[in-house]
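Note: the block below is run_2.csv and it holds CSV, C-alpha atoms.
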chain,number,residue,atom,x,y,z
A,68,MET,CA,-36.1,-16.0,-11.3
A,69,GLU,CA,-35.4,-14.9,-7.8
A,70,ILE,CA,-31.9,-15.2,-6.4
A,71,PRO,CA,-32.0,-17.6,-3.4
A,72,TYR,CA,-30.6,-16.9,0.0
A,73,THR,CA,-30.4,-13.1,-0.1
A,74,VAL,CA,-31.7,-12.8,3.5
A,75,GLU,CA,-31.9,-16.3,4.9
A,76,GLU,CA,-28.6,-18.0,5.4
A,77,ARG,CA,-28.0,-21.1,3.3
A,78,PRO,CA,-27.9,-24.1,5.6
A,79,ASP,CA,-24.7,-25.8,4.2
A,80,THR,CA,-22.5,-22.6,4.0
A,81,GLY,CA,-24.1,-20.8,7.0
A,82,LEU,CA,-23.9,-17.6,4.8
A,83,ILE,CA,-26.1,-15.6,2.5
A,84,ASN,CA,-25.1,-16.3,-1.1
A,85,SER,CA,-24.0,-12.7,-1.8
A,86,LYS,CA,-21.6,-12.8,1.1
A,87,LEU,CA,-19.9,-16.0,-0.1
A,88,GLY,CA,-19.9,-14.5,-3.6
A,89,ILE,CA,-18.2,-11.2,-2.6
A,90,TRP,CA,-15.6,-12.9,-0.6
A,91,LEU,CA,-14.7,-15.3,-3.4
A,92,PHE,CA,-14.5,-12.2,-5.7
A,93,LEU,CA,-12.3,-10.4,-3.2
A,94,ALA,CA,-10.0,-13.5,-3.0
A,95,SER,CA,-9.6,-13.2,-6.8
A,96,GLU,CA,-8.9,-9.5,-6.3
A,97,VAL,CA,-6.1,-10.3,-3.8
A,98,MET,CA,-4.5,-12.4,-6.5
A,99,LEU,CA,-4.9,-9.6,-9.1
A,100,PHE,CA,-3.2,-7.0,-7.0
A,101,GLY,CA,-0.9,-9.7,-5.7
A,102,GLY,CA,0.4,-10.3,-9.2
A,103,LEU,CA,1.2,-6.6,-9.5
A,104,PHE,CA,2.8,-6.3,-6.0
A,105,SER,CA,4.9,-9.2,-7.1
A,106,ALA,CA,5.9,-7.3,-10.2
A,107,TYR,CA,6.8,-4.4,-8.0
A,108,VAL,CA,9.2,-6.6,-6.0
A,109,PHE,CA,10.6,-8.0,-9.2
A,110,LEU,CA,11.3,-4.5,-10.7
A,111,ARG,CA,12.7,-3.2,-7.4
A,112,LEU,CA,15.1,-6.1,-7.1
A,113,GLY,CA,16.1,-5.7,-10.7
A,114,ALA,CA,16.7,-1.9,-10.5
A,115,PRO,CA,20.2,-0.6,-9.8
A,116,ASP,CA,20.9,-0.2,-6.0
A,117,GLY,CA,18.8,2.6,-4.5
A,118,ALA,CA,17.4,3.7,-7.9
A,119,PHE,CA,13.8,2.6,-7.1
A,120,HIS,CA,13.8,4.8,-4.0
A,121,GLU,CA,15.3,7.6,-6.0
A,122,TRP,CA,12.8,7.4,-8.8
A,123,GLY,CA,10.0,7.5,-6.2
A,124,GLN,CA,11.1,10.9,-4.7
A,125,ASP,CA,9.1,12.8,-7.3
A,126,LEU,CA,5.8,11.7,-5.7
A,127,ASN,CA,3.8,14.0,-3.5
A,128,VAL,CA,3.8,12.5,0.1
A,129,PRO,CA,1.5,15.1,1.7
A,130,LEU,CA,-1.2,14.8,-0.9
A,131,ALA,CA,-1.0,11.0,-0.7
A,132,THR,CA,-1.2,11.2,3.1
A,133,LEU,CA,-4.3,13.3,2.8
A,134,ASN,CA,-5.8,10.8,0.3
A,135,THR,CA,-5.1,8.0,2.8
A,136,LEU,CA,-7.0,9.8,5.5
A,137,ILE,CA,-9.9,10.6,3.0
A,138,LEU,CA,-10.1,6.9,2.1
A,139,ILE,CA,-10.0,5.7,5.7
A,140,SER,CA,-12.8,8.2,6.5
A,141,SER,CA,-14.9,6.9,3.6
A,142,SER,CA,-14.5,3.4,5.0
A,143,VAL,CA,-15.8,4.5,8.3
A,144,THR,CA,-18.8,6.4,6.8
A,145,MET,CA,-19.5,3.3,4.6
A,146,VAL,CA,-19.7,1.0,7.7
A,147,MET,CA,-21.8,3.7,9.4
A,148,SER,CA,-24.3,3.8,6.6
A,149,TRP,CA,-24.8,0.0,7.1
A,150,ALA,CA,-25.0,0.4,10.9
A,151,SER,CA,-27.6,3.2,10.3
A,152,LEU,CA,-29.8,0.8,8.4
A,153,LYS,CA,-29.4,-1.8,11.1
A,154,MET,CA,-30.8,0.9,13.5
A,155,ASN,CA,-33.7,1.7,11.1
A,156,ASP,CA,-32.4,5.2,10.3
A,157,PHE,CA,-32.8,5.6,6.6
A,158,LYS,CA,-31.9,9.4,6.7
A,159,LYS,CA,-28.6,8.7,8.4
A,160,PHE,CA,-27.9,6.0,5.9
A,161,LYS,CA,-28.3,8.5,3.0
A,162,MET,CA,-26.1,11.0,4.8
A,163,TYR,CA,-23.3,8.6,5.5
A,164,MET,CA,-23.5,7.1,2.0
A,165,GLY,CA,-23.4,10.7,0.6
A,166,ILE,CA,-20.2,11.4,2.6
A,167,THR,CA,-18.7,8.2,1.4
A,168,LEU,CA,-19.4,9.3,-2.2
A,169,LEU,CA,-18.0,12.7,-1.6
A,170,CYS,CA,-14.8,11.2,-0.1
A,171,SER,CA,-14.5,9.0,-3.3
A,172,VAL,CA,-14.8,12.1,-5.5
A,173,GLY,CA,-12.2,13.9,-3.3
A,174,PHE,CA,-9.8,10.9,-3.6
A,175,LEU,CA,-10.1,10.9,-7.4
A,176,VAL,CA,-9.6,14.7,-7.6
A,177,ILE,CA,-6.4,14.5,-5.6
A,178,LYS,CA,-5.3,11.5,-7.8
A,179,TYR,CA,-6.0,13.6,-10.9
A,180,ILE,CA,-3.9,16.5,-9.5
A,181,GLU,CA,-1.1,14.1,-8.8
A,182,TYR,CA,-1.2,12.5,-12.2
A,183,THR,CA,-1.4,15.8,-14.2
A,184,SER,CA,1.4,17.4,-12.2
A,185,LYS,CA,3.6,14.3,-13.1
A,186,PHE,CA,2.7,14.7,-16.8
A,187,HIS,CA,3.5,18.4,-16.7
A,188,HIS,CA,6.9,17.5,-15.4
A,189,GLY,CA,7.4,15.1,-18.2
A,190,ILE,CA,7.0,12.0,-16.0
A,191,PHE,CA,5.2,9.1,-17.7
A,192,PRO,CA,4.9,5.4,-17.2
A,193,SER,CA,7.7,5.0,-19.7
A,194,THR,CA,10.0,7.2,-17.6
A,195,ASN,CA,11.4,4.3,-15.5
A,196,THR,CA,10.3,1.0,-14.1
A,197,PHE,CA,9.2,2.7,-10.8
A,198,MET,CA,6.8,5.0,-12.6
A,199,ALA,CA,5.6,2.1,-14.8
A,200,ILE,CA,4.5,0.1,-11.7
A,201,TYR,CA,3.3,3.3,-9.9
A,202,PHE,CA,0.9,4.2,-12.7
A,203,THR,CA,-0.2,0.6,-13.2
A,204,LEU,CA,-1.0,0.0,-9.5
A,205,THR,CA,-2.6,3.4,-8.8
A,206,GLY,CA,-4.5,3.3,-12.1
A,207,LEU,CA,-6.0,-0.1,-11.3
A,208,HIS,CA,-6.8,1.1,-7.8
A,209,GLY,CA,-8.4,4.2,-9.2
A,210,LEU,CA,-10.6,2.0,-11.5
A,211,HIS,CA,-11.7,0.1,-8.4
A,212,ILE,CA,-12.7,3.4,-6.8
A,213,ILE,CA,-14.8,4.3,-9.8
A,214,GLY,CA,-16.4,0.9,-9.8
A,215,GLY,CA,-17.3,1.3,-6.1
A,216,MET,CA,-18.7,4.8,-6.7
A,217,ILE,CA,-21.0,3.4,-9.4
A,218,VAL,CA,-22.4,0.7,-7.1
A,219,ASN,CA,-22.6,3.0,-4.1
A,220,GLY,CA,-24.2,5.7,-6.2
A,221,PHE,CA,-26.8,3.2,-7.4
A,222,LEU,CA,-27.5,2.0,-3.9
A,223,MET,CA,-27.9,5.6,-2.6
A,224,GLY,CA,-30.1,6.7,-5.5
A,225,PRO,CA,-32.5,4.4,-7.5
A,226,GLY,CA,-31.4,1.2,-5.7
A,227,SER,CA,-32.5,2.6,-2.3
A,228,LYS,CA,-36.2,2.1,-3.2
A,229,MET,CA,-35.7,-1.5,-2.0
A,230,TRP,CA,-35.6,-0.2,1.6
A,231,LYS,CA,-39.4,0.3,1.5
A,232,THR,CA,-40.2,-3.2,0.1
A,233,GLU,CA,-37.4,-5.5,1.4
A,234,PRO,CA,-35.4,-3.7,4.1
A,235,GLU,CA,-33.3,-6.7,5.2
A,236,HIS,CA,-32.3,-7.5,1.7
A,237,PHE,CA,-31.3,-3.9,1.1
A,238,THR,CA,-29.3,-3.8,4.3
A,239,ASN,CA,-27.4,-6.9,3.2
A,240,ARG,CA,-26.7,-5.2,-0.2
A,241,ILE,CA,-25.1,-2.3,1.7
A,242,GLU,CA,-23.0,-4.7,3.7
A,243,ILE,CA,-21.8,-6.5,0.6
A,244,ALA,CA,-21.0,-3.2,-1.2
A,245,GLY,CA,-19.2,-2.2,2.0
A,246,LEU,CA,-17.0,-5.3,2.0
A,247,TYR,CA,-15.8,-4.3,-1.5
A,248,TRP,CA,-15.3,-0.7,-0.5
A,249,HIS,CA,-13.2,-1.7,2.6
A,250,PHE,CA,-11.1,-4.0,0.4
A,251,VAL,CA,-10.3,-1.0,-1.9
A,252,ASP,CA,-9.3,0.9,1.2
A,253,LEU,CA,-7.2,-2.0,2.4
A,254,VAL,CA,-5.3,-2.1,-1.0
A,255,TRP,CA,-4.5,1.6,-0.6
A,256,ILE,CA,-3.2,1.0,2.9
A,257,PHE,CA,-0.5,-1.2,1.4
A,258,LEU,CA,0.0,0.9,-1.8
A,259,PHE,CA,0.6,4.1,0.1
A,260,PRO,CA,3.8,3.1,2.0
A,261,VAL,CA,5.0,0.8,-0.8
A,262,LEU,CA,4.9,3.5,-3.5
A,263,TYR,CA,5.2,6.8,-1.6
A,264,LEU,CA,7.3,6.1,1.5
A,265,LEU,CA,9.9,3.3,0.7
B,215,MET,CA,-24.4,-10.4,11.0
B,216,SER,CA,-28.2,-10.3,10.6
B,217,ASP,CA,-29.1,-11.2,14.2
B,218,HIS,CA,-28.0,-8.0,15.9
B,219,SER,CA,-29.9,-6.0,18.4
B,220,MET,CA,-29.9,-2.3,18.5
B,221,ASP,CA,-27.5,-2.2,21.5
B,222,ASP,CA,-25.1,-4.5,19.7
B,223,ILE,CA,-24.9,-2.1,16.8
B,224,LYS,CA,-24.4,0.9,19.1
B,225,SER,CA,-21.5,-0.8,20.8
B,226,HIS,CA,-20.2,-1.7,17.3
B,227,VAL,CA,-20.3,2.0,16.4
B,228,LYS,CA,-18.0,2.8,19.3
B,229,VAL,CA,-15.5,0.2,18.1
B,230,TYR,CA,-15.7,1.7,14.5
B,231,MET,CA,-14.7,5.1,15.9
B,232,LEU,CA,-11.9,3.7,17.9
B,233,VAL,CA,-10.6,1.8,14.8
B,234,PHE,CA,-10.9,5.0,12.8
B,235,ALA,CA,-8.8,6.9,15.3
B,236,SER,CA,-6.2,4.1,15.3
B,237,LEU,CA,-6.0,4.1,11.5
B,238,ALA,CA,-5.5,7.9,11.4
B,239,VAL,CA,-2.8,7.8,14.1
B,240,LEU,CA,-1.0,4.9,12.4
B,241,THR,CA,-1.1,6.8,9.1
B,242,VAL,CA,0.7,9.7,10.7
B,243,VAL,CA,3.1,7.3,12.4
B,244,THR,CA,4.1,5.6,9.1
B,245,VAL,CA,4.7,8.9,7.4
B,246,ALA,CA,6.8,10.1,10.4
B,247,ALA,CA,8.8,6.9,10.4
B,248,SER,CA,9.6,7.4,6.7
B,249,TYR,CA,11.5,10.6,7.7
B,250,MET,CA,13.5,8.8,10.3
B,251,ASP,CA,17.1,7.8,9.5
B,252,LEU,CA,16.6,4.1,9.0
B,253,SER,CA,18.4,1.7,6.7
B,254,SER,CA,16.2,0.6,3.7
B,255,GLY,CA,15.7,-2.9,5.2
B,256,GLU,CA,14.5,-1.4,8.5
B,257,ALA,CA,12.3,1.1,6.8
B,258,ILE,CA,10.6,-1.6,4.6
B,259,PHE,CA,10.1,-3.8,7.7
B,260,LEU,CA,8.6,-1.0,9.7
B,261,ALA,CA,6.3,0.3,7.0
B,262,LEU,CA,5.0,-3.2,6.2
B,263,ILE,CA,4.4,-4.0,9.9
B,264,ILE,CA,2.3,-0.7,10.3
B,265,ALA,CA,0.4,-1.4,7.0
B,266,THR,CA,-0.3,-5.0,8.2
B,267,ILE,CA,-1.7,-3.7,11.5
B,268,LYS,CA,-3.9,-1.2,9.7
B,269,GLY,CA,-5.0,-3.8,7.2
B,270,SER,CA,-5.9,-6.2,10.0
B,271,LEU,CA,-7.9,-3.5,11.7
B,272,VAL,CA,-9.9,-2.8,8.6
B,273,ALA,CA,-10.4,-6.5,7.8
B,274,SER,CA,-11.3,-7.5,11.4
B,275,TYR,CA,-13.7,-4.7,12.3
B,276,PHE,CA,-15.0,-2.9,9.2
B,277,MET,CA,-15.2,-6.2,7.3
B,278,HIS,CA,-16.4,-8.1,10.4
B,279,LEU,CA,-13.9,-10.9,9.9
B,280,ILE,CA,-13.5,-11.1,13.7
B,281,SER,CA,-17.0,-12.6,14.0
B,282,GLU,CA,-17.4,-14.1,10.5
B,283,LYS,CA,-18.2,-17.7,9.6
B,284,ALA,CA,-15.3,-20.3,9.4
B,285,LEU,CA,-15.9,-20.9,5.7
B,286,ILE,CA,-14.8,-17.3,4.9
B,287,THR,CA,-11.7,-17.6,7.1
B,288,TRP,CA,-10.8,-20.8,5.2
B,289,ILE,CA,-11.2,-19.2,1.8
B,290,LEU,CA,-8.9,-16.3,3.0
B,291,MET,CA,-6.3,-18.6,4.5
B,292,ILE,CA,-6.0,-20.5,1.2
B,293,THR,CA,-5.9,-17.1,-0.7
B,294,PHE,CA,-3.0,-15.9,1.5
B,295,VAL,CA,-1.0,-19.1,1.0
B,296,PHE,CA,-1.2,-18.4,-2.8
B,297,PHE,CA,-0.5,-14.7,-2.3
B,298,PHE,CA,2.7,-15.5,-0.4
B,299,ILE,CA,3.8,-17.9,-3.1
B,300,LEU,CA,3.2,-15.1,-5.6
B,301,MET,CA,5.4,-12.8,-3.5
B,302,PHE,CA,8.2,-15.3,-3.4
B,303,ILE,CA,8.4,-15.9,-7.2
B,304,PRO,CA,10.4,-12.7,-7.9
B,305,THR,CA,12.8,-13.7,-5.1
B,306,ILE,CA,13.4,-17.0,-6.9
B,307,ALA,CA,14.1,-15.2,-10.1
B,308,PHE,CA,16.5,-12.9,-8.3
B,309,PHE,CA,18.7,-15.9,-7.3
B,310,ASP,CA,18.7,-17.3,-10.8
B,311,TRP,CA,20.7,-14.9,-13.0
B,312,VAL,CA,22.6,-17.7,-14.7
B,313,ASN,CA,21.7,-17.1,-18.3
B,314,ILE,CA,21.0,-13.4,-18.2
B,315,SER,CA,24.3,-11.9,-19.4
Final structure tokens representation of the file:
Amino acid sequence: MEIPYTVEERPDTGLINSKLGIWLFLASEVMLFGGLFSAYVFLRLGAPDGAFHEWGQDLNVPLATLNTLILISSSVTMVMSWASLKMNDFKKFKMYMGITLLCSVGFLVIKYIEYTSKFHHGIFPSTNTFMAIYFTLTGLHGLHIIGGMIVNGFLMGPGSKMWKTEPEHFTNRIEIAGLYWHFVDLVWIFLFPVLYLL
Amino acid sequence: MSDHSMDDIKSHVKVYMLVFASLAVLTVVTVAASYMDLSSGEAIFLALIIATIKGSLVASYFMHLISEKALITWILMITFVFFFILMFIPTIAFFDWVNIS
């Protein structure tokens, strides 16, 4: 059975179904991360005065800053890949999507370097409550990056065949995947100062 | 966003680049601010303000919320009400130590 309203907007919502769907999903994601941010506040208030800040001093701010810039860049290339399809430029779409994927790999590599250097110094989630919430939040965020890479990889590779048969539908798929990717970027925009800078 | 002409998209691209530059600058600003000699309250306030500006830029322009249908705005407003309730729950716990020790 074909999914309805992938290109045409549904009259009562004024939206294509996939867009309403992704926004409802992102709303649930806000609550998922919200619960953990709430746990962060709880643990910070419960820690001895200044201890939370002290425990966070082991984190690598320059690497995390670089990662922030990488993720922001990947968000721009993601939206550019969608804009390229809107301008009927499939080659540029592939190029921008490729850069987006490269950025995601770069982000994960840096995250891996950060994690392993913590482990080498004997710092684990069990070390203190800051490290517990740090590994939980960045770990969940990292899983979201991997999820996005799978979807983006599919859309760049085998999924891109759809461009030849249903270009509008395919362009909408890229927009929806983009909305998810920007959300993952948005979460990092808050994670970065909260975990690394405060 | 399906009814855009080529020129529309071209002007969008310019906006995307501007947003990208602003995000990069604000990232540097927030890192620089963290090295300033601020009280922890001031530092938290400043960092969250900058993050909120960056987040709004991403949501408004990359996620097209600025020109999105009202239904989505409503869904997000309801979500944020619940999100803020969630953020206040730990504060309530903080003022209720009565039976802890």
Exercise for review: Using all atoms listed in the file, find which residues of chain B lie within 7 Å of chain A and jot them down as a PyMOL selection string.
Suggested key: chain B and resi 220+223+230+234+238+248+257-258+261+265+269+272+276-277+290+293+297+300-301+304
Quick one: residues within 9 Å of Tyr275 in chain B, all atoms listed in the file counted, chain neighbours fewer than 5 positions away excluded, as a CSV table (one decimal) with C-alpha atoms, in the frame of the given file?
chain,number,residue,atom,x,y,z
B,226,HIS,CA,-20.2,-1.7,17.3
B,229,VAL,CA,-15.5,0.2,18.1
B,230,TYR,CA,-15.7,1.7,14.5
B,233,VAL,CA,-10.6,1.8,14.8
B,270,SER,CA,-5.9,-6.2,10.0
B,280,ILE,CA,-13.5,-11.1,13.7
B,281,SER,CA,-17.0,-12.6,14.0
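Closest approach to Glu121 in chain A among B:Ser236, B:Ser254, B:Thr244, B:Ser225 is made by B:Ser254 (distances from all atoms listed in the file).
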Point to revise | Point-to-point distance in Å for CA of Gly209 in chain A and CA of Leu130 in chain A | key: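 Separation of CA of Leu130 in chain A and CA of Gly209 in chain A: 15.3 Å.
Put simply, CA of Thr73 in chain A is 25.5 Å away from CA of Ile292 in chain B.
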**Study point:** Point-to-point distance in Å for CA of Ser171 in chain A and CA of Ser227 in chain A
**Key:**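 Those two atoms sit 19.1 Å apart.
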